[in-house]
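Raw contents of coords-v2.csv, CSV, C-alpha atoms:
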chain,number,residue,atom,x,y,z
A,43,MET,CA,14.6,5.4,26.8
A,44,THR,CA,11.8,5.5,29.4
A,45,THR,CA,10.5,8.2,31.7
A,46,SER,CA,7.6,8.3,34.2
A,47,TYR,CA,4.9,10.9,33.6
A,48,ARG,CA,4.2,12.9,36.7
A,49,PRO,CA,0.8,14.6,36.5
A,50,ASP,CA,0.9,15.2,40.2
A,51,LEU,CA,3.8,17.6,39.6
A,52,LEU,CA,2.7,19.0,36.3
A,53,ASN,CA,-1.0,19.8,36.9
A,54,LYS,CA,-0.5,22.6,39.4
A,55,PHE,CA,1.6,24.4,36.8
A,56,LEU,CA,-0.9,23.9,34.0
A,57,GLU,CA,-3.5,25.5,36.3
A,58,LEU,CA,-1.5,28.7,36.5
A,59,PRO,CA,-3.0,31.6,34.4
A,60,ALA,CA,-0.7,33.0,31.7
A,61,ALA,CA,0.2,36.7,32.0
A,62,LYS,CA,-1.3,39.3,29.7
A,63,GLY,CA,-3.7,36.9,27.9
A,64,GLN,CA,-0.8,35.0,26.3
A,65,ILE,CA,-1.5,31.5,24.9
A,66,GLN,CA,0.6,28.6,23.7
A,67,ALA,CA,0.4,27.3,20.2
A,68,GLU,CA,1.8,23.8,19.5
A,69,TYR,CA,2.8,23.6,15.8
A,70,VAL,CA,2.4,20.0,14.5
A,71,TRP,CA,3.9,18.8,11.2
A,72,ILE,CA,4.7,15.6,9.3
A,73,ASP,CA,8.4,14.7,9.2
A,74,GLY,CA,10.6,13.1,6.5
A,75,ASP,CA,9.8,9.6,7.7
A,76,GLY,CA,6.0,10.0,8.0
A,77,GLY,CA,6.2,10.6,11.7
A,78,LEU,CA,4.9,13.6,13.7
A,79,ARG,CA,6.9,16.4,15.2
A,80,SER,CA,5.8,19.5,17.2
A,81,LYS,CA,7.1,22.5,19.0
A,82,THR,CA,5.6,25.4,20.9
A,83,THR,CA,5.5,29.2,20.5
A,84,THR,CA,3.9,31.9,22.6
A,85,VAL,CA,1.1,34.0,21.0
A,86,THR,CA,0.3,37.3,22.6
A,87,LYS,CA,-3.5,37.1,22.2
A,88,LYS,CA,-6.3,34.7,21.6
A,89,VAL,CA,-6.1,33.2,18.1
A,90,GLU,CA,-9.3,33.7,16.0
A,91,SER,CA,-8.0,32.5,12.6
A,92,LEU,CA,-5.0,31.3,10.7
A,93,ASN,CA,-4.2,35.0,10.0
A,94,ASP,CA,-3.3,35.4,13.6
A,95,LEU,CA,-0.4,32.9,13.4
A,96,ARG,CA,3.0,33.4,12.0
A,97,THR,CA,5.0,31.3,9.6
A,98,TRP,CA,7.7,29.6,11.6
A,99,ASP,CA,10.7,27.4,10.8
A,100,PHE,CA,12.7,24.4,12.0
A,101,ASP,CA,15.9,22.5,11.4
A,102,GLY,CA,14.9,20.2,8.5
A,103,SER,CA,18.3,18.4,8.6
A,104,SER,CA,17.2,16.9,12.0
A,105,THR,CA,13.8,15.6,10.6
A,106,ASN,CA,15.0,14.1,7.3
A,107,GLN,CA,13.5,17.0,5.4
A,108,ALA,CA,16.5,19.2,4.3
A,109,PRO,CA,20.3,19.0,3.9
A,110,GLY,CA,22.5,20.5,6.6
A,111,HIS,CA,23.8,23.3,4.3
A,112,ASP,CA,20.2,24.5,3.6
A,113,SER,CA,18.4,23.3,6.7
A,114,ASP,CA,15.6,25.8,7.2
A,115,VAL,CA,12.1,24.4,6.5
A,116,TYR,CA,9.1,26.7,7.0
A,117,LEU,CA,5.9,25.9,8.8
A,118,ARG,CA,2.8,27.6,7.4
A,119,PRO,CA,-0.3,27.1,9.6
A,120,ALA,CA,-3.1,25.1,7.8
A,121,ALA,CA,-5.6,24.2,10.5
A,122,ILE,CA,-6.3,24.9,14.2
A,123,PHE,CA,-7.5,22.6,16.9
A,124,LYS,CA,-8.0,23.0,20.7
A,125,ASP,CA,-5.2,21.7,22.8
A,126,PRO,CA,-6.4,19.0,25.3
A,127,PHE,CA,-3.1,18.9,27.1
A,128,ARG,CA,-2.9,22.5,28.1
A,129,GLY,CA,-6.6,23.4,27.9
A,130,GLY,CA,-7.9,27.0,28.0
A,131,GLU,CA,-7.3,29.1,24.9
A,132,ASN,CA,-4.2,27.1,24.0
A,133,ILE,CA,-4.2,25.5,20.5
A,134,LEU,CA,-2.7,22.9,18.2
A,135,VAL,CA,-1.7,24.2,14.8
A,136,LEU,CA,-1.4,21.7,12.0
A,137,ALA,CA,1.2,23.2,9.6
A,138,GLU,CA,2.4,22.5,6.1
A,139,THR,CA,6.1,22.3,5.4
A,140,PHE,CA,7.8,24.5,2.7
A,141,ASN,CA,11.4,24.7,1.5
A,142,SER,CA,13.5,27.9,1.7
A,143,ASP,CA,12.7,28.7,-2.0
A,144,GLY,CA,8.9,28.6,-1.3
A,145,THR,CA,8.2,25.2,-2.9
A,146,PRO,CA,6.4,22.5,-0.9
A,147,ASN,CA,8.7,20.1,0.9
A,148,ARG,CA,8.7,16.6,-0.5
A,149,THR,CA,6.8,15.4,2.5
A,150,ASN,CA,4.1,18.0,2.1
A,151,HIS,CA,1.3,16.0,0.4
A,152,ARG,CA,-1.4,18.4,1.7
A,153,HIS,CA,-0.4,21.0,-0.8
A,154,HIS,CA,-1.3,18.8,-3.8
A,155,ALA,CA,-4.4,17.4,-2.1
A,156,GLN,CA,-5.7,20.9,-1.5
A,157,LYS,CA,-5.5,21.6,-5.2
A,158,VAL,CA,-7.3,18.3,-6.0
A,159,MET,CA,-10.1,19.0,-3.6
A,160,GLU,CA,-10.5,22.5,-4.9
A,161,LEU,CA,-11.0,21.2,-8.4
A,162,ALA,CA,-13.5,18.6,-7.2
A,163,LYS,CA,-15.4,20.7,-4.6
A,164,GLU,CA,-18.7,20.8,-6.6
A,165,THR,CA,-19.0,17.0,-6.2
A,166,LYS,CA,-18.7,17.4,-2.4
A,167,PRO,CA,-16.4,14.4,-1.7
A,168,TRP,CA,-16.8,12.9,1.8
A,169,PHE,CA,-14.4,10.6,3.5
A,170,GLY,CA,-14.4,8.4,6.6
A,171,LEU,CA,-11.1,6.7,7.5
A,172,GLU,CA,-10.8,3.7,9.8
A,173,GLN,CA,-7.4,4.0,11.5
A,174,GLU,CA,-6.0,0.7,12.9
A,175,TYR,CA,-2.9,0.7,15.1
A,176,THR,CA,-1.1,-1.6,17.5
A,177,LEU,CA,0.2,-0.9,21.0
A,178,PHE,CA,3.6,-1.9,22.2
A,179,GLY,CA,5.4,-1.6,25.5
A,180,VAL,CA,8.7,0.1,26.0
A,181,ASP,CA,10.3,-3.4,25.7
A,182,ASP,CA,8.9,-3.5,22.1
A,183,ARG,CA,6.6,-6.4,22.9
A,184,PRO,CA,2.9,-6.2,22.0
A,185,LEU,CA,1.2,-4.6,25.0
A,186,GLY,CA,-0.3,-7.1,27.3
A,187,TRP,CA,1.1,-10.2,25.6
A,188,PRO,CA,2.6,-12.9,27.9
A,189,VAL,CA,6.3,-12.8,28.4
A,190,GLY,CA,8.0,-15.3,26.2
A,191,GLY,CA,4.7,-16.5,24.6
A,192,PHE,CA,1.6,-15.6,22.7
A,193,PRO,CA,-2.0,-14.9,23.6
A,194,GLY,CA,-4.7,-17.3,22.4
A,195,PRO,CA,-5.7,-17.4,18.8
A,196,GLN,CA,-7.7,-14.5,17.2
A,197,GLY,CA,-11.4,-14.6,17.9
A,198,PRO,CA,-12.4,-13.2,21.3
A,199,TYR,CA,-10.6,-9.8,20.9
A,200,TYR,CA,-12.5,-8.0,18.2
A,201,CYS,CA,-14.9,-5.5,19.9
A,202,GLY,CA,-14.0,-7.5,23.1
A,203,ALA,CA,-14.9,-6.7,26.6
A,204,GLY,CA,-13.3,-8.1,29.8
A,205,THR,CA,-9.9,-8.9,31.2
A,206,GLY,CA,-7.8,-11.0,28.9
A,207,LYS,CA,-9.6,-9.7,25.8
A,208,VAL,CA,-8.6,-6.1,25.6
A,209,VAL,CA,-5.7,-4.0,26.8
A,210,ALA,CA,-5.2,-0.2,27.5
A,211,ARG,CA,-8.9,0.7,27.4
A,212,ASP,CA,-8.1,3.7,29.6
A,213,LEU,CA,-5.6,5.1,27.0
A,214,ILE,CA,-8.2,4.5,24.2
A,215,GLU,CA,-10.9,6.3,26.1
A,216,ALA,CA,-8.6,9.2,26.9
A,217,HIS,CA,-7.8,9.5,23.2
A,218,TYR,CA,-11.5,9.5,22.2
A,219,ARG,CA,-12.3,12.3,24.7
A,220,ALA,CA,-9.2,14.3,23.7
A,221,CYS,CA,-10.3,14.1,20.0
A,222,LEU,CA,-13.8,15.3,20.9
A,223,TYR,CA,-12.4,18.2,22.9
A,224,SER,CA,-10.0,19.2,20.2
A,225,GLY,CA,-12.6,19.4,17.5
A,226,VAL,CA,-11.5,16.2,15.6
A,227,ASN,CA,-14.5,14.7,13.9
A,228,ILE,CA,-13.9,11.3,15.5
A,229,SER,CA,-16.9,9.0,15.0
A,230,GLY,CA,-16.1,5.8,17.0
A,231,ILE,CA,-13.6,3.3,18.4
A,232,ASN,CA,-13.3,-0.5,18.7
A,233,ALA,CA,-10.9,-3.2,19.8
A,234,GLU,CA,-9.6,-5.0,16.7
A,235,VAL,CA,-9.1,-8.7,15.7
A,236,MET,CA,-5.5,-9.0,17.0
A,237,PRO,CA,-5.0,-8.5,20.8
A,238,SER,CA,-3.3,-5.1,21.6
A,239,GLN,CA,-4.7,-3.7,18.3
A,240,TRP,CA,-7.3,-1.0,18.2
A,241,GLU,CA,-9.1,1.2,15.7
A,242,PHE,CA,-10.6,4.7,15.7
A,243,GLN,CA,-12.8,6.2,12.9
A,244,VAL,CA,-12.7,9.8,11.7
A,245,GLY,CA,-15.3,11.3,9.5
A,246,PRO,CA,-17.3,12.0,7.6
A,247,CYS,CA,-15.1,14.9,6.6
A,248,GLU,CA,-15.3,16.8,3.3
A,249,GLY,CA,-12.3,17.4,1.1
A,250,ILE,CA,-9.0,18.4,2.7
A,251,GLU,CA,-10.4,18.3,6.2
A,252,MET,CA,-10.1,14.5,6.1
A,253,GLY,CA,-6.4,14.6,6.2
A,254,ASP,CA,-6.2,17.4,8.7
A,255,HIS,CA,-8.4,15.6,11.2
A,256,LEU,CA,-6.8,12.2,10.9
A,257,TRP,CA,-3.3,13.6,11.3
A,258,ILE,CA,-4.3,15.5,14.5
A,259,ALA,CA,-6.0,12.4,15.8
A,260,ARG,CA,-2.8,10.4,15.3
A,261,TYR,CA,-0.8,13.2,17.0
A,262,LEU,CA,-3.2,13.1,20.0
A,263,LEU,CA,-2.8,9.3,20.2
A,264,VAL,CA,1.0,9.3,20.2
A,265,ARG,CA,1.1,12.2,22.7
A,266,LEU,CA,-1.2,10.5,25.1
A,267,ALA,CA,0.7,7.2,24.7
A,268,GLU,CA,3.7,9.1,26.1
A,269,MET,CA,1.8,9.5,29.3
A,270,TRP,CA,1.1,5.7,29.5
A,271,ASN,CA,4.7,4.8,28.5
A,272,VAL,CA,3.2,3.0,25.5
A,273,LYS,CA,4.4,2.9,21.9
A,274,VAL,CA,2.0,3.3,19.0
A,275,SER,CA,2.8,1.4,15.8
A,276,PHE,CA,1.1,2.2,12.5
A,277,HIS,CA,3.0,-0.5,10.7
A,278,PRO,CA,0.6,-2.5,8.4
A,279,LYS,CA,2.0,-5.9,9.6
A,280,PRO,CA,3.6,-5.4,13.0
A,281,LEU,CA,3.7,-9.1,13.7
A,282,GLN,CA,4.3,-12.0,11.3
A,283,GLY,CA,2.2,-15.1,11.5
A,284,ASP,CA,-1.5,-15.8,11.8
A,285,TRP,CA,-2.3,-12.3,13.0
A,286,ASN,CA,-4.3,-9.6,11.3
A,287,GLY,CA,-2.4,-6.7,9.9
A,288,ALA,CA,-3.4,-3.0,10.3
A,289,GLY,CA,-5.1,-0.9,7.6
A,290,CYS,CA,-6.8,2.4,7.1
A,291,HIS,CA,-10.0,1.5,5.2
A,292,SER,CA,-11.2,4.5,3.3
A,293,ASN,CA,-14.9,5.2,3.0
A,294,TYR,CA,-15.8,7.6,0.2
A,295,SER,CA,-18.7,9.2,-1.5
A,296,THR,CA,-19.7,12.1,-3.7
A,297,LEU,CA,-23.0,13.9,-3.5
A,298,ALA,CA,-24.2,11.9,-6.5
A,299,MET,CA,-23.4,8.7,-4.7
A,300,ARG,CA,-25.3,9.7,-1.6
A,301,GLU,CA,-28.5,10.6,-3.4
A,302,PRO,CA,-31.2,8.0,-4.5
A,303,GLY,CA,-29.9,6.1,-7.5
A,304,GLY,CA,-26.3,6.7,-6.4
A,305,ILE,CA,-25.4,3.1,-6.8
A,306,LYS,CA,-24.8,3.7,-10.5
A,307,HIS,CA,-22.2,6.3,-9.6
A,308,ILE,CA,-20.6,4.0,-7.0
A,309,GLU,CA,-20.2,1.3,-9.6
A,310,GLU,CA,-18.7,3.7,-12.1
A,311,ALA,CA,-16.2,4.9,-9.5
A,312,ILE,CA,-15.2,1.3,-8.7
A,313,GLN,CA,-14.7,0.6,-12.4
A,314,LYS,CA,-12.4,3.6,-12.6
A,315,LEU,CA,-10.5,2.5,-9.5
A,316,SER,CA,-10.0,-0.9,-11.0
A,317,LEU,CA,-8.1,0.6,-14.0
A,318,ARG,CA,-5.6,2.4,-11.8
A,319,HIS,CA,-5.0,-0.3,-9.2
A,320,GLN,CA,-1.2,-0.1,-9.2
A,321,GLN,CA,-1.1,3.7,-9.2
A,322,HIS,CA,-3.2,3.6,-6.0
A,323,ILE,CA,-1.1,0.8,-4.4
A,324,ALA,CA,2.0,3.0,-5.0
A,325,VAL,CA,0.6,5.7,-2.6
A,326,TYR,CA,-1.4,3.5,-0.2
A,327,GLY,CA,1.4,3.0,2.4
A,328,GLU,CA,4.8,1.4,3.0
A,329,ASP,CA,5.2,-2.4,3.5
A,330,ASN,CA,1.6,-2.9,2.4
A,331,GLU,CA,2.6,-6.0,0.5
A,332,LEU,CA,3.1,-7.7,3.9
A,333,ARG,CA,-0.6,-7.1,4.7
A,334,LEU,CA,-2.4,-7.4,1.3
A,335,THR,CA,-1.9,-11.2,0.9
A,336,GLY,CA,-5.4,-12.3,0.3
A,337,LYS,CA,-5.6,-13.6,3.9
A,338,HIS,CA,-6.7,-12.0,7.2
A,339,GLU,CA,-9.6,-10.1,5.6
A,340,THR,CA,-7.5,-8.6,2.8
A,341,ALA,CA,-7.4,-8.8,-1.0
A,342,SER,CA,-4.2,-9.7,-2.9
A,343,ILE,CA,-2.0,-6.7,-3.7
A,344,SER,CA,-1.5,-7.9,-7.2
A,345,ALA,CA,-5.1,-7.9,-8.4
A,346,PHE,CA,-8.1,-5.6,-8.1
A,347,SER,CA,-11.4,-7.0,-6.9
A,348,SER,CA,-14.7,-5.7,-5.6
A,349,GLY,CA,-17.9,-7.0,-4.1
A,350,VAL,CA,-20.9,-6.5,-1.9
A,351,ALA,CA,-20.2,-7.1,1.8
A,352,ASN,CA,-16.9,-8.8,0.8
A,353,ARG,CA,-14.1,-8.0,3.3
A,354,GLY,CA,-11.7,-10.0,1.1
A,355,ALA,CA,-12.1,-7.5,-1.8
A,356,SER,CA,-10.1,-4.5,-2.7
A,357,VAL,CA,-13.2,-2.3,-2.7
A,358,ARG,CA,-16.4,-3.2,-0.8
A,359,ILE,CA,-19.9,-2.0,-1.2
A,360,PRO,CA,-21.6,-2.4,2.2
A,361,ARG,CA,-24.7,-4.6,2.0
A,362,HIS,CA,-27.0,-1.8,3.2
A,363,VAL,CA,-25.7,0.5,0.5
A,364,ALA,CA,-26.4,-2.2,-2.2
A,365,ALA,CA,-29.9,-2.7,-0.7
A,366,GLN,CA,-30.9,0.9,-0.6
A,367,GLY,CA,-29.3,1.9,-3.9
A,368,PHE,CA,-27.1,4.8,-2.7
A,369,GLY,CA,-24.4,5.6,-0.1
A,370,TYR,CA,-20.7,5.0,-0.3
A,371,LEU,CA,-17.9,2.6,-1.1
A,372,GLU,CA,-15.1,1.3,1.1
A,373,ASP,CA,-11.5,1.1,-0.3
A,374,ARG,CA,-9.9,-1.6,1.9
A,375,ARG,CA,-6.4,-1.4,0.3
A,376,PRO,CA,-4.8,1.6,2.2
A,377,ALA,CA,-2.3,0.6,4.9
A,378,SER,CA,-2.4,1.9,8.4
A,379,ASN,CA,0.6,4.1,7.8
A,380,VAL,CA,-0.8,5.7,4.7
A,381,ASP,CA,-0.7,9.5,4.4
A,382,PRO,CA,-4.4,10.5,4.4
A,383,TYR,CA,-3.7,13.4,2.0
A,384,ARG,CA,-2.4,10.9,-0.6
A,385,VAL,CA,-5.2,8.4,-0.4
A,386,THR,CA,-8.0,11.0,-0.5
A,387,ALA,CA,-6.3,12.9,-3.4
A,388,ALA,CA,-5.8,9.7,-5.4
A,389,ILE,CA,-9.4,8.6,-5.0
A,390,VAL,CA,-10.7,11.9,-6.1
A,391,GLU,CA,-8.2,12.2,-9.0
A,392,THR,CA,-9.3,8.7,-10.3
A,393,THR,CA,-13.1,8.9,-9.7
A,394,VAL,CA,-13.9,12.7,-10.3
A,395,LEU,CA,-11.0,14.2,-12.2
A,396,ASN,CA,-10.6,11.1,-14.4
A,397,ILE,CA,-6.9,11.0,-14.2
A,398,LYS,CA,-5.7,8.1,-16.4
For the file at hand, write its structure as structure tokens.
Amino acid sequence: MTTSYRPDLLNKFLELPAAKGQIQAEYVWIDGDGGLRSKTTTVTKKVESLNDLRTWDFDGSSTNQAPGHDSDVYLRPAAIFKDPFRGGENILVLAETFNSDGTPNRTNHRHHAQKVMELAKETKPWFGLEQEYTLFGVDDRPLGWPVGGFPGPQGPYYCGAGTGKVVARDLIEAHYRACLYSGVNISGINAEVMPSQWEFQVGPCEGIEMGDHLWIARYLLVRLAEMWNVKVSFHPKPLQGDWNGAGCHSNYSTLAMREPGGIKHIEEAIQKLSLRHQQHIAVYGEDNELRLTGKHETASISAFSSGVANRGASVRIPRHVAAQGFGYLEDRRPASNVDPYRVTAAIVETTVLNIK
């Protein structure tokens, strides 16, 4: 199914003022398959806080989140961002999903992560996530790849510049600016090792905000890709063969790690992570075994490893961190389709709450 986006027709209507100060609030949530859904409601005044927003509901039987005989799932507002598509006072509302009996829906990993971050708030956990993704055309071919063939081997594409080295830079720049406008704490972008693959970085964010900001950044990306007639894949190994997979490298620190002498706390955290390797792998994304092979800048999924400046390790200490004696660690295991609430909660549970 393809359609042509028509900004020439839409824009004059977006410029119309809403009557009586009304605004549009786009509720965004995570569905039963790890995808994103959204729908819009009218709010009669400018929204100043979450208290100005209502709890809404949707048909969970159509999103793989509830059975047909008890299909109502409730949306409780959790975070507010500016809406770059409508502008003005209009907003995006990231919402948590709850069942009709008031319990968190099985897809609502934010609820548990919030509890974890509250228990660990004195340690001030910071995160920075590196979201890799791959672009495809409506024909399900990697965007910009030759018909019936392949591009040249990996090498010139990473952080590339120029025709034949990068694709869809206009889409990527639009996404960057949309994130900045919305209030997403995006910190950078770059073309990745495989052609048609890109990365954006979000953070540093403290605690639960990491998951909130990454999910909205993903939402903005897939919404913008609609306008370009492009598909976004977060699959960790979208193409078999001698091509890099896609990850979501997770940079992490506590206040103690960021202060002089913090390398001791970084090394202690890595030791704790080594003891719960399989528990982390279990929540680090689907089909991650296709990516974590020990090749293409990954560690093997079956064994934990760590090292300084080693991109083939499970957890890496950046060289400048080792040299200065404080900073952060990089967990390179999470897949590109990981739920950021799950990865951040798991890291804090292991390294701060000492869950065995």
Contacts between region 166-172 of chain A and region 264-313 of chain A, please, where a residue of region 264-313 of chain A counts if it comes within 6 Å (with only C-alpha atoms); show its shortest atom pair and distance in Å to one decimal, rows by chain and ascending number, as a tab-separated table.
residue	atom	partner	partner_atom	distance
A:Cys290	CA	A:Glu172	CA	5.0
A:His291	CA	A:Glu172	CA	5.2
A:Ser292	CA	A:Leu171	CA	4.7
A:Asn293	CA	A:Gly170	CA	4.8
A:Tyr294	CA	A:Phe169	CA	4.7
A:Ser295	CA	A:Trp168	CA	5.3
A:Thr296	CA	A:Pro167	CA	4.5
A:Leu297	CA	A:Lys166	CA	5.7
Contact check, region 236-323 of chain A to region 368-376 of chain A, at most 9 Å, counting only C-alpha atoms, closest pairs as JSON lines:
{"residue": "A:Gly289", "atom": "CA", "partner": "A:Pro376", "partner_atom": "CA", "distance": 6.0}
{"residue": "A:Cys290", "atom": "CA", "partner": "A:Pro376", "partner_atom": "CA", "distance": 5.4}
{"residue": "A:His291", "atom": "CA", "partner": "A:Arg374", "partner_atom": "CA", "distance": 4.5}
{"residue": "A:Ser292", "atom": "CA", "partner": "A:Asp373", "partner_atom": "CA", "distance": 5.0}
{"residue": "A:Asn293", "atom": "CA", "partner": "A:Glu372", "partner_atom": "CA", "distance": 4.3}
{"residue": "A:Tyr294", "atom": "CA", "partner": "A:Tyr370", "partner_atom": "CA", "distance": 5.6}
{"residue": "A:Ser295", "atom": "CA", "partner": "A:Tyr370", "partner_atom": "CA", "distance": 4.8}
{"residue": "A:Thr296", "atom": "CA", "partner": "A:Tyr370", "partner_atom": "CA", "distance": 7.9}
{"residue": "A:Ala298", "atom": "CA", "partner": "A:Phe368", "partner_atom": "CA", "distance": 8.6}
{"residue": "A:Met299", "atom": "CA", "partner": "A:Gly369", "partner_atom": "CA", "distance": 5.6}
{"residue": "A:Arg300", "atom": "CA", "partner": "A:Gly369", "partner_atom": "CA", "distance": 4.5}
{"residue": "A:Glu301", "atom": "CA", "partner": "A:Phe368", "partner_atom": "CA", "distance": 6.0}
{"residue": "A:Pro302", "atom": "CA", "partner": "A:Phe368", "partner_atom": "CA", "distance": 5.5}
{"residue": "A:Gly303", "atom": "CA", "partner": "A:Phe368", "partner_atom": "CA", "distance": 5.7}
{"residue": "A:Gly304", "atom": "CA", "partner": "A:Phe368", "partner_atom": "CA", "distance": 4.2}
{"residue": "A:Ile305", "atom": "CA", "partner": "A:Phe368", "partner_atom": "CA", "distance": 4.8}
{"residue": "A:Lys306", "atom": "CA", "partner": "A:Phe368", "partner_atom": "CA", "distance": 8.2}
{"residue": "A:His307", "atom": "CA", "partner": "A:Phe368", "partner_atom": "CA", "distance": 8.6}
{"residue": "A:Ile308", "atom": "CA", "partner": "A:Leu371", "partner_atom": "CA", "distance": 6.6}
{"residue": "A:Glu309", "atom": "CA", "partner": "A:Leu371", "partner_atom": "CA", "distance": 8.9}
{"residue": "A:Ala311", "atom": "CA", "partner": "A:Leu371", "partner_atom": "CA", "distance": 8.9}
{"residue": "A:Ile312", "atom": "CA", "partner": "A:Leu371", "partner_atom": "CA", "distance": 8.2}
{"residue": "A:His322", "atom": "CA", "partner": "A:Pro376", "partner_atom": "CA", "distance": 8.6}
{"residue": "A:Ile323", "atom": "CA", "partner": "A:Arg375", "partner_atom": "CA", "distance": 7.4}
_Which residue is closest to Phe178 (chain A)? Choose from A:Tyr218, A:Trp240, A:Phe55, A:Tyr116 and count only C-alpha atoms._
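Selected residue with least distance to Phe178 (chain A): A:Trp240.
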_Could you check the closest approach to Leu222 (chain A) for each of A:Asp181, A:Glu391, A:Asp114, A:Asp125 and tell me which residue wins, using only C-alpha atoms?_
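Distance minimum relative to Leu222 (chain A) lands on A:Asp125.
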*asked:* So the first atom is CA of Val85 (chain A) and the second is CA of Ile65 (chain A); what is the distance between them in Å, to one decimal place?
replied: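 Distance between the two atoms: 5.3 Å.
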_Between CA of Glu174 (chain A) and CA of Ser46 (chain A), distance in Å (one decimal)_ = 26.4 Å
*Ref. answer, residues at most 12 Å from (-11.0, 16.1, -13.9) with all atoms listed in the file, as a PyMOL selection string*: chain A and resi 157-165+387-398
*Quick one: of A:Asp94, A:Asp182, A:Asp329, A:Glu215, who's nearest to Leu263 (chain A), counting only C-alpha atoms?*
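Comparing A:Asp94, A:Asp182, A:Asp329, A:Glu215 against Leu263 (chain A), the winner is A:Glu215.
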*Give me the residues within 7 Å of region 281-286 of chain A as number ranges by chain, counting all atoms listed in the file and dropping any in the same chain fewer than 2 places off.*
A: 235-236, 279, 288, 338
Okay, now the selection with C-alpha atoms, as a CSV table (one decimal), in the coordinates of the input?
chain,number,residue,atom,x,y,z
A,235,VAL,CA,-9.1,-8.7,15.7
A,236,MET,CA,-5.5,-9.0,17.0
A,279,LYS,CA,2.0,-5.9,9.6
A,288,ALA,CA,-3.4,-3.0,10.3
A,338,HIS,CA,-6.7,-12.0,7.2
